[in-house]
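Shown below: data04.cif, with mmCIF, C-alpha atoms (C1' of nucleotides).
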```
data_my_file
loop_
_atom_site.label_atom_id
_atom_site.label_comp_id
_atom_site.auth_asym_id
_atom_site.auth_seq_id
_atom_site.Cartn_x
_atom_site.Cartn_y
_atom_site.Cartn_z
CA MET A 1 0.00 0.00 0.00
CA ASN A 2 1.28 3.42 -0.89
CA ILE A 3 0.60 6.40 1.33
CA GLY A 4 -2.42 7.46 -0.69
CA GLN A 5 -4.13 4.12 -0.29
CA ALA A 6 -3.23 3.99 3.38
CA ALA A 7 -4.70 7.46 3.71
CA SER A 8 -8.03 6.77 2.09
CA ALA A 9 -8.29 3.40 3.79
CA SER A 10 -7.65 4.78 7.26
CA GLY A 11 -9.17 8.20 6.95
CA VAL A 12 -5.92 9.84 8.01
CA ASN A 13 -4.72 11.94 5.13
CA ALA A 14 -1.30 11.50 3.57
CA LYS A 15 0.03 14.76 4.91
CA MET A 16 -0.90 13.70 8.40
CA ILE A 17 0.57 10.24 8.04
CA ARG A 18 3.92 11.80 7.17
CA HIS A 19 3.51 14.19 10.05
CA TYR A 20 2.75 11.40 12.52
CA GLU A 21 5.83 9.63 11.31
CA SER A 22 7.96 12.73 11.72
CA ILE A 23 6.88 13.28 15.31
CA GLY A 24 7.38 9.64 16.18
CA LEU A 25 3.76 8.68 16.72
CA ILE A 26 4.14 5.90 14.18
CA LYS A 27 7.31 4.08 13.20
CA THR A 28 9.19 5.06 10.05
CA ALA A 29 7.46 3.46 7.11
CA ALA A 30 9.21 0.92 4.90
CA ARG A 31 10.19 2.24 1.50
CA SER A 32 9.84 0.87 -2.01
CA ASP A 33 12.70 0.93 -4.53
CA GLY A 34 11.55 4.28 -5.76
CA GLY A 35 11.52 5.73 -2.26
CA TYR A 36 7.76 5.53 -1.78
CA ARG A 37 6.48 4.76 1.70
CA THR A 38 4.74 1.40 1.86
CA TYR A 39 2.16 0.30 4.41
CA SER A 40 1.11 -3.12 5.62
CA THR A 41 -2.28 -4.16 6.94
CA ASP A 42 -0.85 -3.76 10.43
CA ASP A 43 0.16 -0.22 9.64
CA PHE A 44 -3.31 0.41 8.38
CA HIS A 45 -4.79 -0.83 11.64
CA ILE A 46 -2.61 1.53 13.57
CA LEU A 47 -3.65 4.45 11.41
CA ALA A 48 -7.30 3.56 11.81
CA PHE A 49 -6.77 3.38 15.57
CA ILE A 50 -5.25 6.82 15.54
CA LYS A 51 -8.08 8.20 13.45
CA ARG A 52 -10.70 6.89 15.85
CA ALA A 53 -8.86 8.20 18.86
CA ARG A 54 -8.57 11.64 17.25
CA LYS A 55 -12.30 11.57 16.57
CA LEU A 56 -12.78 11.13 20.30
CA GLY A 57 -10.63 14.17 20.87
CA PHE A 58 -7.60 12.43 22.32
CA SER A 59 -4.41 14.41 21.91
CA ILE A 60 -1.46 12.99 20.05
CA ASP A 61 0.22 12.47 23.39
CA ASP A 62 -2.74 10.54 24.74
CA ILE A 63 -2.77 8.48 21.59
CA LYS A 64 0.89 7.70 21.98
CA ARG A 65 0.04 6.28 25.39
CA LEU A 66 -3.03 4.40 24.16
CA LEU A 67 -1.12 2.89 21.26
CA ALA A 68 1.59 1.66 23.62
CA LEU A 69 -1.04 0.12 25.87
CA TRP A 70 -2.82 -1.41 22.95
CA GLN A 71 0.29 -2.94 21.51
CA GLY A 72 1.63 -3.89 24.91
CA ARG A 73 -1.60 -5.78 25.68
CA LYS A 74 -1.26 -4.72 29.27
CA SER A 75 -3.92 -4.06 31.83
CA SER A 76 -7.02 -2.12 31.06
CA ALA A 77 -6.67 -0.06 34.22
CA GLU A 78 -4.17 2.29 32.64
CA VAL A 79 -6.33 2.73 29.56
CA LYS A 80 -9.31 3.54 31.71
CA LYS A 81 -7.27 6.12 33.55
CA VAL A 82 -6.27 7.88 30.34
CA ALA A 83 -9.84 7.78 29.10
CA MET A 84 -11.27 9.14 32.32
CA ALA A 85 -8.78 11.96 32.42
CA HIS A 86 -9.84 12.80 28.90
CA ILE A 87 -13.50 12.78 29.89
CA GLU A 88 -12.73 15.29 32.60
CA GLU A 89 -10.91 17.45 30.12
CA LEU A 90 -13.85 17.29 27.75
CA GLU A 91 -16.22 18.16 30.55
CA ALA A 92 -14.14 21.12 31.60
CA ARG A 93 -14.15 22.44 28.07
CA ILE A 94 -17.87 21.84 27.74
CA ALA A 95 -18.49 23.72 30.97
CA GLU A 96 -16.39 26.61 29.80
CA LEU A 97 -18.13 26.85 26.46
CA HIS A 98 -21.45 26.43 28.15
CA GLY A 99 -20.75 29.35 30.43
CA MET A 100 -19.82 31.52 27.49
CA ARG A 101 -22.90 30.52 25.63
CA GLY A 102 -25.11 31.29 28.63
CA THR A 103 -23.71 34.75 29.13
CA LEU A 104 -23.92 35.50 25.48
CA ARG A 105 -27.39 34.10 25.13
CA HIS A 106 -28.52 36.37 27.91
CA LEU A 107 -26.94 39.39 26.30
CA VAL A 108 -28.36 38.58 22.90
CA ASP A 109 -31.81 38.11 24.36
CA HIS A 110 -31.64 41.62 25.75
CA CYS A 111 -30.36 43.21 22.58
CA HIS A 112 -33.19 44.50 20.41
CA GLY A 113 -31.02 44.28 17.35
CA ASP A 114 -32.35 47.29 15.50
CA ALA A 115 -30.94 50.53 14.17
CA ARG A 116 -30.43 52.10 17.59
CA PRO A 117 -26.85 52.25 18.79
CA THR A 118 -27.57 51.14 22.37
CA CYS A 119 -26.63 47.52 22.80
CA PRO A 120 -26.36 45.48 25.99
CA ILE A 121 -23.79 43.25 24.34
CA LEU A 122 -21.40 46.09 23.71
CA ASP A 123 -22.22 47.57 27.11
CA ASP A 124 -21.21 44.37 28.80
CA LEU A 125 -18.03 44.06 26.82
CA ALA A 126 -17.23 47.67 27.60
CA GLY A 127 -17.71 47.01 31.29
CA VAL A 128 -20.94 48.95 31.75
CA ALA A 129 -22.94 47.34 34.55
CA GLY A 130 -26.29 46.01 33.42
CA ASP A 131 -28.83 43.57 34.81
CA GLN A 132 -26.72 40.63 33.80
CA PRO A 133 -26.78 37.85 36.39
CA ARG A 134 -23.33 36.73 35.38
CA ARG A 135 -20.63 38.98 34.11
CA ALA A 136 -18.21 38.08 31.38
CA GLU A 137 -15.54 38.29 33.99
CA LYS A 138 -15.01 35.62 36.59
CA ALA A 139 -13.84 36.60 40.04
CA THR A 140 -10.28 35.36 40.21
CA ALA A 141 -7.13 36.23 42.03
CA SER A 142 -5.93 38.12 39.00
CA SER A 143 -9.14 40.10 38.73
CA ALA A 144 -8.56 41.27 42.29
CA ALA A 145 -5.13 42.49 41.25
CA ARG A 146 -6.75 44.22 38.34
CA SER A 147 -9.30 45.94 40.52
CA LYS A 148 -6.45 47.33 42.51
CA ALA A 149 -4.78 48.49 39.34
CA ARG A 150 -8.03 49.96 38.15
CA ALA A 151 -8.26 52.01 41.33
CA LEU A 152 -5.14 53.81 40.20
CA LEU A 153 -7.07 54.93 37.17
CA HIS A 154 -9.93 56.35 39.23
CA ASP A 155 -12.02 54.01 37.14
CA SER A 156 -14.68 51.68 38.49
CA MET B 157 0.53 54.07 31.90
CA ASN B 158 3.27 51.78 30.76
CA ILE B 159 2.51 48.45 29.20
CA GLY B 160 2.86 46.60 32.49
CA GLN B 161 0.26 48.73 34.20
CA ALA B 162 -2.03 48.53 31.21
CA ALA B 163 -1.59 44.79 31.32
CA SER B 164 -2.45 44.26 34.95
CA ALA B 165 -5.25 46.83 34.78
CA SER B 166 -6.89 45.22 31.78
CA GLY B 167 -6.03 41.62 32.35
CA VAL B 168 -4.43 41.37 28.93
CA ASN B 169 -0.81 40.58 29.44
CA ALA B 170 1.97 42.73 28.04
CA LYS B 171 3.06 40.16 25.50
CA MET B 172 -0.45 40.01 24.16
CA ILE B 173 -0.85 43.78 24.05
CA ARG B 174 2.20 44.02 21.81
CA HIS B 175 0.86 41.17 19.76
CA TYR B 176 -2.53 42.82 19.34
CA GLU B 177 -0.76 45.93 18.22
CA SER B 178 1.35 44.02 15.73
CA ILE B 179 -1.64 42.37 14.10
CA GLY B 180 -3.54 45.63 13.95
CA LEU B 181 -6.25 44.83 16.47
CA ILE B 182 -5.33 47.95 18.42
CA LYS B 183 -3.69 51.08 17.11
CA THR B 184 0.04 51.64 17.56
CA ALA B 185 0.64 52.88 21.07
CA ALA B 186 2.11 56.29 21.76
CA ARG B 187 5.70 56.23 22.96
CA SER B 188 7.54 57.93 25.78
CA ASP B 189 10.92 59.60 25.32
CA GLY B 190 12.63 56.38 26.24
CA GLY B 191 10.65 54.43 23.68
CA TYR B 192 8.21 52.90 26.15
CA ARG B 193 4.66 52.36 24.99
CA THR B 194 2.22 54.53 26.89
CA TYR B 195 -1.48 53.92 27.37
CA SER B 196 -4.35 56.25 28.08
CA THR B 197 -7.54 55.46 29.95
CA ASP B 198 -9.21 55.06 26.57
CA ASP B 199 -6.62 52.52 25.58
CA PHE B 200 -7.25 50.72 28.82
CA HIS B 201 -10.96 50.56 28.07
CA ILE B 202 -10.26 49.03 24.71
CA LEU B 203 -7.99 46.44 26.24
CA ALA B 204 -10.58 45.60 28.85
CA PHE B 205 -13.16 45.28 26.08
CA ILE B 206 -10.92 42.88 24.25
CA LYS B 207 -10.29 40.88 27.38
CA ARG B 208 -13.98 40.46 28.07
CA ALA B 209 -14.70 39.51 24.49
CA ARG B 210 -11.94 36.91 24.58
CA LYS B 211 -13.41 35.51 27.79
CA LEU B 212 -16.62 34.98 25.86
CA GLY B 213 -14.66 33.10 23.26
CA PHE B 214 -14.86 35.64 20.45
CA SER B 215 -12.04 35.29 17.95
CA ILE B 216 -9.69 38.15 17.25
CA ASP B 217 -11.50 38.67 13.99
CA ASP B 218 -14.86 38.89 15.71
CA ILE B 219 -13.37 41.31 18.19
CA LYS B 220 -12.07 43.46 15.39
CA ARG B 221 -15.63 43.70 14.13
CA LEU B 222 -17.12 44.30 17.57
CA LEU B 223 -14.59 47.00 18.35
CA ALA B 224 -15.42 48.76 15.11
CA LEU B 225 -19.12 48.56 15.92
CA TRP B 226 -18.54 49.74 19.45
CA GLN B 227 -16.47 52.68 18.37
CA GLY B 228 -18.68 53.45 15.42
CA ARG B 229 -21.76 53.60 17.68
CA LYS B 230 -23.77 52.09 14.91
CA SER B 231 -26.81 49.88 15.07
CA SER B 232 -27.07 47.00 17.48
CA ALA B 233 -28.37 44.71 14.74
CA GLU B 234 -24.91 44.02 13.43
CA VAL B 235 -23.58 43.32 16.91
CA LYS B 236 -26.38 40.92 17.57
CA LYS B 237 -25.62 39.14 14.34
CA VAL B 238 -21.98 38.63 15.29
CA ALA B 239 -22.98 37.46 18.74
CA MET B 240 -25.56 35.02 17.46
CA ALA B 241 -23.17 33.56 14.96
CA HIS B 242 -20.77 33.06 17.84
CA ILE B 243 -23.42 31.34 19.91
CA GLU B 244 -23.98 28.90 17.10
CA GLU B 245 -20.29 28.25 16.91
CA LEU B 246 -20.15 27.62 20.63
CA GLU B 247 -23.10 25.30 20.42
CA ALA B 248 -21.54 23.35 17.59
CA ARG B 249 -18.39 22.89 19.61
CA ILE B 250 -20.36 21.92 22.69
CA ALA B 251 -22.28 19.34 20.69
CA GLU B 252 -19.10 17.89 19.29
CA LEU B 253 -17.43 17.62 22.67
CA HIS B 254 -20.62 16.26 24.13
CA GLY B 255 -20.71 13.51 21.57
CA MET B 256 -17.14 12.58 22.33
CA ARG B 257 -17.80 12.57 26.02
CA GLY B 258 -20.84 10.34 25.57
CA THR B 259 -19.04 7.74 23.53
CA LEU B 260 -16.12 7.74 25.88
CA ARG B 261 -18.29 7.60 28.96
CA HIS B 262 -19.98 4.53 27.58
CA LEU B 263 -16.68 2.85 26.83
CA VAL B 264 -15.25 3.70 30.22
CA ASP B 265 -18.35 2.37 31.94
CA HIS B 266 -17.82 -0.97 30.24
CA CYS B 267 -14.13 -1.20 30.99
CA HIS B 268 -13.48 -3.07 34.22
CA GLY B 269 -10.17 -1.31 34.62
CA ASP B 270 -8.23 -4.13 36.20
CA ALA B 271 -5.14 -6.14 35.35
CA ARG B 272 -6.73 -8.04 32.47
CA PRO B 273 -5.67 -6.92 29.01
CA THR B 274 -9.16 -7.00 27.48
CA CYS B 275 -10.51 -3.50 27.22
CA PRO B 276 -13.57 -2.24 25.38
CA ILE B 277 -11.95 1.13 24.98
CA LEU B 278 -9.03 -0.25 23.03
CA ASP B 279 -11.34 -2.61 21.18
CA ASP B 280 -13.41 0.28 19.99
CA LEU B 281 -10.41 2.30 18.94
CA ALA B 282 -9.02 -0.73 17.16
CA GLY B 283 -12.28 -1.12 15.27
CA VAL B 284 -13.50 -4.27 17.00
CA ALA B 285 -17.29 -4.29 17.04
CA GLY B 286 -18.77 -4.27 20.52
CA ASP B 287 -22.16 -3.46 22.00
CA GLN B 288 -21.53 0.25 21.66
CA PRO B 289 -24.65 2.12 20.62
CA ARG B 290 -22.55 4.75 18.90
CA ARG B 291 -19.23 4.16 17.27
CA ALA B 292 -16.34 6.56 17.39
CA GLU B 293 -16.79 6.93 13.67
CA LYS B 294 -19.64 8.85 12.16
CA ALA B 295 -21.17 7.66 8.89
CA THR B 296 -20.00 10.19 6.34
CA ALA B 297 -19.32 10.33 2.66
CA SER B 298 -15.63 9.85 3.32
CA SER B 299 -16.20 6.83 5.50
CA ALA B 300 -18.02 5.25 2.58
CA ALA B 301 -14.96 5.85 0.45
CA ARG B 302 -12.86 4.31 3.17
CA SER B 303 -15.04 1.21 3.32
CA LYS B 304 -14.43 0.76 -0.34
CA ALA B 305 -10.72 1.15 0.19
CA ARG B 306 -10.87 -1.26 3.09
CA ALA B 307 -12.44 -3.84 0.82
CA LEU B 308 -9.22 -3.87 -1.13
CA LEU B 309 -7.50 -5.01 2.01
CA HIS B 310 -9.90 -7.92 2.55
CA ASP B 311 -10.45 -6.30 5.90
CA SER B 312 -13.81 -5.69 7.57
"C1'" DG C 313 10.53 3.91 -26.22
"C1'" DA C 314 8.30 8.33 -25.28
"C1'" DT C 315 4.95 10.80 -22.97
"C1'" DA C 316 1.02 12.11 -20.02
"C1'" DG C 317 -0.96 12.15 -15.71
"C1'" DA C 318 -1.49 10.34 -11.28
"C1'" DC C 319 1.03 9.80 -7.37
"C1'" DC C 320 4.97 10.27 -4.57
"C1'" DT C 321 9.11 12.82 -2.34
"C1'" DT C 322 11.06 16.77 0.68
"C1'" DC C 323 10.97 21.40 2.30
"C1'" DC C 324 8.86 25.64 3.56
"C1'" DC C 325 5.05 28.36 5.13
"C1'" DA C 326 0.47 29.45 7.40
"C1'" DT C 327 -2.99 29.00 10.71
"C1'" DT C 328 -4.81 30.58 16.27
"C1'" DA C 329 -3.75 32.55 20.54
"C1'" DT C 330 -0.46 32.43 23.70
"C1'" DA C 331 3.95 32.31 25.90
"C1'" DG C 332 9.05 31.71 26.89
"C1'" DG C 333 13.60 33.53 26.39
"C1'" DA C 334 17.73 36.29 24.88
"C1'" DA C 335 20.10 40.55 24.43
"C1'" DG C 336 19.94 44.92 25.42
"C1'" DG C 337 17.94 49.78 26.71
"C1'" DT C 338 15.36 52.84 30.46
"C1'" DC C 339 13.83 54.36 34.76
"C1'" DA C 340 13.52 55.22 39.74
"C1'" DA C 341 15.29 54.52 44.25
"C1'" DG C 342 18.99 54.23 47.22
"C1'" DC D 343 26.39 55.26 39.99
"C1'" DT D 344 24.60 50.92 40.77
"C1'" DT D 345 20.76 47.82 41.30
"C1'" DG D 346 16.57 45.90 40.08
"C1'" DA D 347 12.33 46.36 37.95
"C1'" DC D 348 10.58 47.28 33.74
"C1'" DC D 349 10.79 48.03 28.97
"C1'" DT D 350 12.38 47.17 23.91
"C1'" DT D 351 12.83 43.95 19.67
"C1'" DC D 352 13.52 39.49 17.70
"C1'" DC D 353 13.30 34.58 17.61
"C1'" DT D 354 11.19 30.29 18.96
"C1'" DA D 355 7.58 27.19 20.43
"C1'" DT D 356 3.12 25.19 21.13
"C1'" DA D 357 -1.14 21.46 18.60
"C1'" DA D 358 -2.96 19.75 14.58
"C1'" DT D 359 -3.74 20.56 10.14
"C1'" DG D 360 -3.17 21.97 5.51
"C1'" DG D 361 -1.43 24.53 1.19
"C1'" DG D 362 1.97 24.78 -2.22
"C1'" DA D 363 6.41 24.45 -4.83
"C1'" DA D 364 9.91 21.80 -7.12
"C1'" DG D 365 11.03 17.62 -8.47
"C1'" DG D 366 11.14 12.22 -8.75
"C1'" DT D 367 8.36 7.64 -9.83
"C1'" DC D 368 5.04 4.71 -11.73
"C1'" DT D 369 1.79 3.13 -15.10
"C1'" DA D 370 -1.01 3.25 -19.10
"C1'" DT D 371 -1.30 4.51 -23.61
"C1'" DC D 372 0.35 5.87 -28.17
#
```
Take the structure in this file and express it as structure tokens.
Amino acid sequence: MNIGQAASASGVNAKMIRHYESIGLIKTAARSDGGYRTYSTDDFHILAFIKRARKLGFSIDDIKRLLALWQGRKSSAEVKKVAMAHIEELEARIAELHGMRGTLRHLVDHCHGDARPTCPILDDLAGVAGDQPRRAEKATASSAARSKARALLHDS
Amino acid sequence: MNIGQAASASGVNAKMIRHYESIGLIKTAARSDGGYRTYSTDDFHILAFIKRARKLGFSIDDIKRLLALWQGRKSSAEVKKVAMAHIEELEARIAELHGMRGTLRHLVDHCHGDARPTCPILDDLAGVAGDQPRRAEKATASSAARSKARALLHDS
DNA sequence: GATAGACCTTCCCATTATAGGAAGGTCAAG
DNA sequence: CTTGACCTTCCTATAATGGGAAGGTCTATC
């Protein structure tokens, strides 16, 4: 199998296959006389594995670990650990996006969206206090530092 | 205000302020005799605006648009449009992550996570059919092409 | 055997937003 | 006048993907 066939068979495109090789995710491919990379059925399985893992949002680093576990035929405990850590990561990202969406949804719902220049969305972004239940800004240690800095500006 | 003060006051760090200047998101800062960038209260407001917009996940390009709208004091309709498009983007990303999380949750729930090497997670990634209600792979036009390619391998 | 066209090779560049570091200049306090 | 904090520019890196150029190989057809 040349790289093109391996690509369409696995769903990982040729550019990416070369990339994965270059970063050491997959082993250096065998070469034909003409210098073409050649792939075995085993190689194809690995590529398909990678493709599926990427679809689940695993990072290349995670996949490196999963591939080692897969090929090492070791315990499933380690795999489960990697997967659960990834679930937590996904959930954190979902929560973050969800928070953004909520704030924005609220702002959009209060924006009449007509020819008038007044706009709660811009007001919020500009820091004008409105009736928003949640501000775009979370209360963090750094925001406390910023409030202090803001005091120097006689602002807020 | 020097860049450091502007940074801690706005929450946008100094490195980023220079970067935003270099890509044209903010105008070139005025300079002191010694060549230091100096920032006015207006500049600070713009930086704070940018920071809040970034916290809501707007891209730099979106922010460029929002800043123009904010400073142009034009209609709110355009702002609402940008914001709604962003909400849709957020929702698409949430849905994608949610799908990943669901599939993974299911796999993790069926993995005993002990010393045995059998693992539904790896099996799924490897393409072994299990009792999974949803596979890691969506049925798409390209997956049809891949099935055809796979047929050439006498695989699947 | 020549040639066309599909496919392959390597190498470089771009993306997005953010950050680290090096080498060197400026400022304020002691 | 030195010290230390802060600033300057320039280069590099990240993660994953892709575009494109310049050139080599393979295969089918004439």
*asked:* Just to confirm, what's the straight-line distance from CA of Gly102 (chain A) to CA of Glu245 (chain B) in Å (one decimal)?
replied: 13.0 Å
*Using all atoms listed in the file, which of D:DC343, D:DC348, D:DC353, D:DC372 sits nearest DT315 (chain C)?*
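Closest residue, counting all atoms listed in the file: D:DC372.
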*Go ahead and compute the interatomic distance for C1' of DT354 (chain D) and CA of Ser59 (chain A), in Å to one decimal.*
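Computed distance, C1' of DT354 (chain D) to CA of Ser59 (chain A), equals 22.5 Å.
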*Residues of chain A within 12 Å of chain C, counting only C-alpha atoms (C1' of nucleotides), as a ChimeraX atom specification*: /A:2-5,14-15,18,31-32,34-38
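Identical in sequence, chain A and chain B superpose with a Cα RMSD of 0.1 Å when all alpha carbons are matched in order.
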Proximity check chain A to chain B, 7 Å, nearest pairs one decimal Å, only C-alpha atoms, as a Markdown table:
```
| residue | atom | partner | partner_atom | distance |
| --- | --- | --- | --- | --- |
| A:Ser8 | CA | B:Arg302 | CA | 5.5 |
| A:Ala9 | CA | B:Arg302 | CA | 4.7 |
| A:Ser10 | CA | B:Arg302 | CA | 6.6 |
| A:Gly11 | CA | B:Arg302 | CA | 6.6 |
| A:His45 | CA | B:Ala282 | CA | 7.0 |
| A:Phe49 | CA | B:Ala282 | CA | 4.9 |
| A:Arg52 | CA | B:Leu281 | CA | 5.5 |
| A:Ala53 | CA | B:Leu281 | CA | 6.1 |
| A:Lys55 | CA | B:Ala292 | CA | 6.5 |
| A:Leu56 | CA | B:Met256 | CA | 5.0 |
| A:Gly57 | CA | B:Met256 | CA | 6.9 |
| A:Trp70 | CA | B:Leu278 | CA | 6.3 |
| A:Arg73 | CA | B:Pro273 | CA | 5.4 |
| A:Lys74 | CA | B:Pro273 | CA | 4.9 |
| A:Ser75 | CA | B:Ala271 | CA | 4.3 |
| A:Ser76 | CA | B:Gly269 | CA | 4.8 |
| A:Ala77 | CA | B:Gly269 | CA | 3.7 |
| A:Lys80 | CA | B:Gly269 | CA | 5.7 |
| A:Ala83 | CA | B:Val264 | CA | 6.9 |
| A:Ile87 | CA | B:Arg257 | CA | 5.8 |
| A:Leu90 | CA | B:Leu253 | CA | 6.2 |
| A:Ile94 | CA | B:Ile250 | CA | 5.6 |
| A:Leu97 | CA | B:Leu246 | CA | 6.2 |
| A:Met100 | CA | B:Leu212 | CA | 5.0 |
| A:Arg101 | CA | B:Ile243 | CA | 5.8 |
| A:Leu104 | CA | B:Ile243 | CA | 7.0 |
| A:Val108 | CA | B:Lys236 | CA | 6.1 |
| A:Cys111 | CA | B:Lys236 | CA | 6.8 |
| A:Gly113 | CA | B:Ala233 | CA | 3.7 |
| A:Asp114 | CA | B:Ala233 | CA | 4.8 |
| A:Ala115 | CA | B:Ser231 | CA | 4.3 |
| A:Arg116 | CA | B:Ser231 | CA | 4.9 |
| A:Pro117 | CA | B:Ser231 | CA | 4.4 |
| A:Thr118 | CA | B:Ser232 | CA | 6.4 |
| A:Cys119 | CA | B:Ser232 | CA | 5.4 |
| A:Leu122 | CA | B:Trp226 | CA | 6.3 |
| A:Leu125 | CA | B:Phe205 | CA | 5.1 |
| A:Ala126 | CA | B:Phe205 | CA | 5.0 |
| A:Ala136 | CA | B:Arg208 | CA | 5.9 |
| A:Glu137 | CA | B:Arg208 | CA | 6.5 |
| A:Arg146 | CA | B:Ala165 | CA | 4.7 |
| A:Ala149 | CA | B:Ala165 | CA | 4.9 |
| A:Arg150 | CA | B:Ala165 | CA | 5.4 |
```
_Using only C-alpha atoms (C1' of nucleotides) and a distance of at most 12 Å, pull out the residues of chain D that contact chain B, as a list in words._
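Taken together, these residues fit the definition: DA347, DC348, DC349, DT350 and DT351 of chain D.
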*What does the distance between CA of Arg221 (chain B) and CA of Asp199 (chain B) come to in Å, to one decimal place?*
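Distance reported for this atom pair: 17.0 Å.
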